[in-house]
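A.B. asks: Okay, handing you the structure first.
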Amino acid sequence: MLSFSLLTPHSSLLTPHSHSVHSTASLRAQHGSLIMFALGLDSSTQSCSALIIDVANGTVVAEASVNFGAQLPQYNAPSGFIPDGENGEVHSDPLMWLDALELLLKDLADQCDLSKVSAISGAGQQHGSVYLNDQWFYEIDSLSAEDTLSEQLAKTLSRKTSPIWMDSSTGDECREIANAVGGDNVVCAKSGSIAIERFTGPQIRRFYKNDAAAYEQTARIHLVSSFLCSVLIGGDAPIDTGDGAGMNLVNIDAWDWDNELLEATAPDLLNKLPKVEQGNTTAGTLSGYFIKKYGFAADVPVTIFTGDNPSSLVGMGASQPGKLVVSLGTSDTFFAAMPNVVADPAGCGHVFGNPSAGSMSLQCFVNGSLAREAVKDKFNYDWDQFSQAFANTPLGNDGNLMVPFFRPETSPRVDLEAPILKGSSAFENWVDADTAIRACVEGQFLNMKLRTNWMQLQPEVIYLTGGASKNNAIAQVIADIFQAKVQRLAVSGSVGLGAAMRAASNSLGKNITDLENTFCQPETNSTIAPQADATVYANAAIAFDALI
Ligand code: ADP
Ligand code: XUL
């Protein structure tokens with residue numbers, strides 16, 4: 001197996017900074033053998049991140065991340081979305097994603113010679129949609145390196161802001177779509193999910209109903225993933241089956257647009273959507289904009305982007321059935337590659353395309369990291385104090401239980417704006433910080449276990465990723481509640497890594513299993529084993545379900 005080492009701030013793996021532009025052929029001549037760097041991008045809810053892997057040496061050569069709230073405060077989106085939306089609306093500014101991409105590429109170019117990158121792919125937060133007028137097709141093809149992407153593309157937006165996955169404003173539209181095609185069972189059989197508020201189809205329908213003129217002016221609707229892929233290639237990119245399945249518009253048998261669902265959603269929709277393609281499709285080559293501005297080589301192939309969760313499936317080395325992943329990002333998600341398509345009888349789970357072929361199952365919990373943060377911030381704690389709370393409280397929390405939903409939850413579908421607490425009066429009155437913290441996290445994972453039983457997976461190991469996965473106290477609760485070992489991988493950014501691996505597999509002829517063996521190794525000494533016996537949480541699960 002190839003040697004594997006991680007980037008450190010002063011790593012000798014960093015190559016000298018150079019802005020000269022080389023073709024792939026001149027790189028081969030210069031270095032004797034072909035340099036094989038693959039870049040993976042991850043435009044998620046709170047940040048845009050990337051990593052570059054050296055495929056030949058099995059190393060990560062550069063990593064960068066731009067936090068939307070901290071680094072682009074002019075967009076007034078401290079957690080990546082515009083706060084205080086009405087009627088369940090949660091939107092972000094797509095120009096913020098473009099500015100972040102530019103800051104990110106500048107940072108990468110400072111770390112590493114980007115002319116060595118010979119394959120690119122990426123991923124976006126799922127379900128979010130970008131609405132573009134007919135100028136889009138011209139502007140995307142004529143980007144000038146003299147101006148920024150956001151300056152040039154602002155005029156192509158037919159809707160200033162983009163609804164994202166946290167939006168729960170489309171209850172009526174979900175019902176209308178389901179009624180039009182014969183009920184939620186039909187929507188689920190066709191699209192892999194019942195009509196879901198955050199999914200793109202219901203979001204498009206709401207836009208059409210609320211602003212028919214702007215809908216009419218919309219010539220193209222992209223997902224976050226296909227929008228950013230389009231920007232990179234300077235052309236109109238397809239949507240992949242992984243992210244496309246999160247729209248309630250793609251038929252999961254045909255892996256193409258479903259005419260009946262399109263018609264039930266909004267008029268003339270087919271003409272406004274790009275093509276649907278499998279994950280191993282090359283969208284095009286990198287636009288001259290990035291070659292001039294950031295020193296990339298000419299003709300670098302860009303593989304179509306996918307959703308953050310399907311990309312993470314690849315980056316966790318879980319693209320073949322058998323591995324179960326829990327991602328603790330802004331949302332908590334639970335997913336696995338699927339040998340057979342099984343639907344969630346409760347209608348909360350989803351079937352998405354697997355970028356490495358076949359499909360994957362996924363369950364999303366809206367109240368993930370931001371709920372943990374809300375409890376932490378209530379007591380002005382930092383993450384160390386938050387973690388310490390678990391040492392100060394017993395497993396099972398003396399029966400103190402929390403349904404930790406600060407905003408409407410999708411798994412299960414509950415319309416709460418504040419948590420439900422049941423236990424001692426100090427706990428219920430929010431004066432017992434440590435008990436509240438344990439109750440929040442135990443509540444989250446009792447709920448996760450209950451809602452994911454339908455997948456019938458009894459894992460010996462759960463693979464953990466996402467921003468909160470580094471927290472051992474949270475990982476321990478997961479091990480105890482699921483009665484399984486919990487492991488993290490050595491490379492932490494599984495979404496970006498998955499994108500880089502997809503690019504290497506599709507454009508550099510690398511076998512995905514070899515890439516997994518090289519890049520998806522467990523972090524040394526990171527395995528966390530259950531310390532509770534199974535009975536501790538069996539009763540708590542029953543009590544939790546009753547509380548909901
Ligand atoms: P996304 O990809 O959805 O933008 P990330 O995977 O980057 O999100 O995760 C960001 C979240 O990670 C933050 O909202 C924060 O709550 C959480 N986080 C960061 N550090 C810790 C920690 N030490 N313990 C628990 N959670 C953490
Ligand atoms: C998945 C979902 C979220 C987003 C943001 O269905 O809504 O996980 O992809 O990460």
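To be explicit about the labels: the chains of the structure tokens are called A, B, and onward in the order shown, and within each one the residues are counted from 1, while ligands get numbers from 1 in the order they are shown.
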Please check which protein, DNA or RNA residues sit within 9 Å of ligand 1, counting only C-alpha atoms and all ligand atoms, and write them as a count of residues only.

C.D. replies: 43

A.B. asks: List every residue of region 237-325 of chain A that has an atom at most 6 Å from any atom of region 335-347 of chain A, giving for each one its closest atom pair and the distance in Å to one decimal, counting only C-alpha atoms, sorted by chain and then by ascending residue number, as JSON lines.

C.D. replies:
{"residue": "A:Ser319", "atom": "CA", "partner": "A:Ala337", "partner_atom": "CA", "distance": 5.7}
{"residue": "A:Gln320", "atom": "CA", "partner": "A:Ala337", "partner_atom": "CA", "distance": 5.8}
{"residue": "A:Pro321", "atom": "CA", "partner": "A:Ala337", "partner_atom": "CA", "distance": 4.6}
{"residue": "A:Leu324", "atom": "CA", "partner": "A:Ala336", "partner_atom": "CA", "distance": 4.9}
{"residue": "A:Val325", "atom": "CA", "partner": "A:Phe335", "partner_atom": "CA", "distance": 5.4}

A.B. asks: Around ligand 2, out to 9 Å and counting only C-alpha atoms and all ligand atoms, which residues are there? I want them as a count of residues only.

C.D. replies: 31

A.B. asks: Can you pull out every residue from region 181-363 of chain A that DSSP, working from the backbone, puts in strand (DSSP E or B), and format the result as an NGL selection string?

C.D. replies: :A and (220-223 or 239-240 or 250-251 or 256-257 or 276-277 or 282-285 or 301-303 or 306-307 or 324-328 or 332-338 or 350-353 or 359-363)

A.B. asks: Neighbouring residues of Val231 (chain A) were defined as those with any atom within 10 Å, considering only C-alpha atoms; residues of the same chain fewer than 2 positions away were excluded. Please report them as a list of chain:residue names.

C.D. replies: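 Listing them by chain and then by number gives A:Leu98, A:Glu139, A:Ile140, A:Asp141, A:Leu143, A:Leu149, A:Leu153, A:Ser226, A:Phe227, A:Leu228, A:Cys229, A:Ile233, A:Gly234, A:Gly235, A:Asp236, A:Ala237, A:Leu286, A:Ser287, A:Tyr289, A:Phe290.
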
A.B. asks: Would you export the selected residues with N, CA, C and O atoms as a PDB file, in the first residue's frame, please?

C.D. replies:
ATOM      1  N   LEU A  98     -19.972  32.011  -4.149  1.00  0.00           N
ATOM      2  CA  LEU A  98     -18.957  32.322  -5.176  1.00  0.00           C
ATOM      3  C   LEU A  98     -17.765  33.052  -4.557  1.00  0.00           C
ATOM      4  O   LEU A  98     -16.607  32.738  -4.864  1.00  0.00           O
ATOM      5  N   GLU A 139     -23.245  34.587 -19.881  1.00  0.00           N
ATOM      6  CA  GLU A 139     -22.253  35.065 -18.902  1.00  0.00           C
ATOM      7  C   GLU A 139     -21.334  33.938 -18.416  1.00  0.00           C
ATOM      8  O   GLU A 139     -20.148  34.141 -18.212  1.00  0.00           O
ATOM      9  N   ILE A 140     -21.897  32.762 -18.231  1.00  0.00           N
ATOM     10  CA  ILE A 140     -21.092  31.671 -17.673  1.00  0.00           C
ATOM     11  C   ILE A 140     -19.996  31.244 -18.658  1.00  0.00           C
ATOM     12  O   ILE A 140     -18.947  30.756 -18.267  1.00  0.00           O
ATOM     13  N   ASP A 141     -20.274  31.536 -19.923  1.00  0.00           N
ATOM     14  CA  ASP A 141     -19.348  31.140 -20.978  1.00  0.00           C
ATOM     15  C   ASP A 141     -18.344  32.249 -21.290  1.00  0.00           C
ATOM     16  O   ASP A 141     -17.452  32.073 -22.114  1.00  0.00           O
ATOM     17  N   LEU A 143     -16.662  34.443 -18.809  1.00  0.00           N
ATOM     18  CA  LEU A 143     -16.142  35.024 -17.568  1.00  0.00           C
ATOM     19  C   LEU A 143     -14.795  35.694 -17.823  1.00  0.00           C
ATOM     20  O   LEU A 143     -13.922  35.119 -18.475  1.00  0.00           O
ATOM     21  N   LEU A 149     -16.242  36.503  -9.789  1.00  0.00           N
ATOM     22  CA  LEU A 149     -17.384  35.684 -10.221  1.00  0.00           C
ATOM     23  C   LEU A 149     -18.690  36.331  -9.773  1.00  0.00           C
ATOM     24  O   LEU A 149     -19.650  36.417 -10.544  1.00  0.00           O
ATOM     25  N   LEU A 153     -21.739  37.357 -12.169  1.00  0.00           N
ATOM     26  CA  LEU A 153     -22.912  36.473 -12.230  1.00  0.00           C
ATOM     27  C   LEU A 153     -24.129  37.021 -11.479  1.00  0.00           C
ATOM     28  O   LEU A 153     -25.229  36.464 -11.604  1.00  0.00           O
ATOM     29  N   SER A 226     -24.563  21.570  -8.868  1.00  0.00           N
ATOM     30  CA  SER A 226     -24.431  21.746 -10.326  1.00  0.00           C
ATOM     31  C   SER A 226     -24.162  23.202 -10.682  1.00  0.00           C
ATOM     32  O   SER A 226     -23.539  23.495 -11.702  1.00  0.00           O
ATOM     33  N   PHE A 227     -24.596  24.135  -9.817  1.00  0.00           N
ATOM     34  CA  PHE A 227     -24.292  25.558 -10.030  1.00  0.00           C
ATOM     35  C   PHE A 227     -22.782  25.769  -9.955  1.00  0.00           C
ATOM     36  O   PHE A 227     -22.159  26.370 -10.849  1.00  0.00           O
ATOM     37  N   LEU A 228     -22.171  25.245  -8.903  1.00  0.00           N
ATOM     38  CA  LEU A 228     -20.726  25.463  -8.736  1.00  0.00           C
ATOM     39  C   LEU A 228     -19.923  24.705  -9.795  1.00  0.00           C
ATOM     40  O   LEU A 228     -18.898  25.201 -10.272  1.00  0.00           O
ATOM     41  N   CYS A 229     -20.397  23.549 -10.175  1.00  0.00           N
ATOM     42  CA  CYS A 229     -19.716  22.808 -11.242  1.00  0.00           C
ATOM     43  C   CYS A 229     -19.789  23.611 -12.543  1.00  0.00           C
ATOM     44  O   CYS A 229     -18.798  23.722 -13.275  1.00  0.00           O
ATOM     45  N   ILE A 233     -16.608  24.995 -14.920  1.00  0.00           N
ATOM     46  CA  ILE A 233     -16.358  24.652 -16.336  1.00  0.00           C
ATOM     47  C   ILE A 233     -16.722  25.809 -17.268  1.00  0.00           C
ATOM     48  O   ILE A 233     -16.474  25.730 -18.472  1.00  0.00           O
ATOM     49  N   GLY A 234     -17.311  26.880 -16.715  1.00  0.00           N
ATOM     50  CA  GLY A 234     -17.734  27.975 -17.599  1.00  0.00           C
ATOM     51  C   GLY A 234     -18.772  27.487 -18.597  1.00  0.00           C
ATOM     52  O   GLY A 234     -18.748  27.837 -19.779  1.00  0.00           O
ATOM     53  N   GLY A 235     -19.704  26.692 -18.130  1.00  0.00           N
ATOM     54  CA  GLY A 235     -20.764  26.134 -18.991  1.00  0.00           C
ATOM     55  C   GLY A 235     -21.872  25.606 -18.111  1.00  0.00           C
ATOM     56  O   GLY A 235     -21.792  25.678 -16.889  1.00  0.00           O
ATOM     57  N   ASP A 236     -22.886  25.047 -18.725  1.00  0.00           N
ATOM     58  CA  ASP A 236     -24.045  24.596 -17.962  1.00  0.00           C
ATOM     59  C   ASP A 236     -23.893  23.110 -17.630  1.00  0.00           C
ATOM     60  O   ASP A 236     -23.967  22.271 -18.522  1.00  0.00           O
ATOM     61  N   ALA A 237     -23.677  22.782 -16.355  1.00  0.00           N
ATOM     62  CA  ALA A 237     -23.341  21.400 -15.974  1.00  0.00           C
ATOM     63  C   ALA A 237     -24.593  20.582 -15.658  1.00  0.00           C
ATOM     64  O   ALA A 237     -25.610  21.132 -15.238  1.00  0.00           O
ATOM     65  N   LEU A 286     -11.851  22.809 -17.032  1.00  0.00           N
ATOM     66  CA  LEU A 286     -11.849  24.014 -16.192  1.00  0.00           C
ATOM     67  C   LEU A 286     -11.841  25.279 -17.050  1.00  0.00           C
ATOM     68  O   LEU A 286     -11.081  25.384 -18.023  1.00  0.00           O
ATOM     69  N   SER A 287     -12.663  26.251 -16.656  1.00  0.00           N
ATOM     70  CA  SER A 287     -12.781  27.509 -17.409  1.00  0.00           C
ATOM     71  C   SER A 287     -11.460  28.299 -17.363  1.00  0.00           C
ATOM     72  O   SER A 287     -10.723  28.255 -16.363  1.00  0.00           O
ATOM     73  N   TYR A 289     -11.067  31.236 -16.799  1.00  0.00           N
ATOM     74  CA  TYR A 289     -11.095  32.167 -15.658  1.00  0.00           C
ATOM     75  C   TYR A 289     -10.151  31.670 -14.548  1.00  0.00           C
ATOM     76  O   TYR A 289      -9.355  32.428 -14.009  1.00  0.00           O
ATOM     77  N   PHE A 290     -10.232  30.384 -14.232  1.00  0.00           N
ATOM     78  CA  PHE A 290      -9.454  29.837 -13.109  1.00  0.00           C
ATOM     79  C   PHE A 290      -7.998  29.605 -13.514  1.00  0.00           C
ATOM     80  O   PHE A 290      -7.104  29.635 -12.677  1.00  0.00           O
TER      81      PHE A 290
END

A.B. asks: Just how far from CA of Thr435 (chain A) is CA of Thr393 (chain A), in Å to one decimal?

C.D. replies: 6.5 Å

A.B. asks: Would you please work out which residue, of A:Ser121, A:Asn248, A:Ser191, A:Thr161, is nearest to Ala38 (chain A) when using only C-alpha atoms?

C.D. replies: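 Among the listed residues, the smallest separation from Ala38 (chain A) belongs to A:Ser121.
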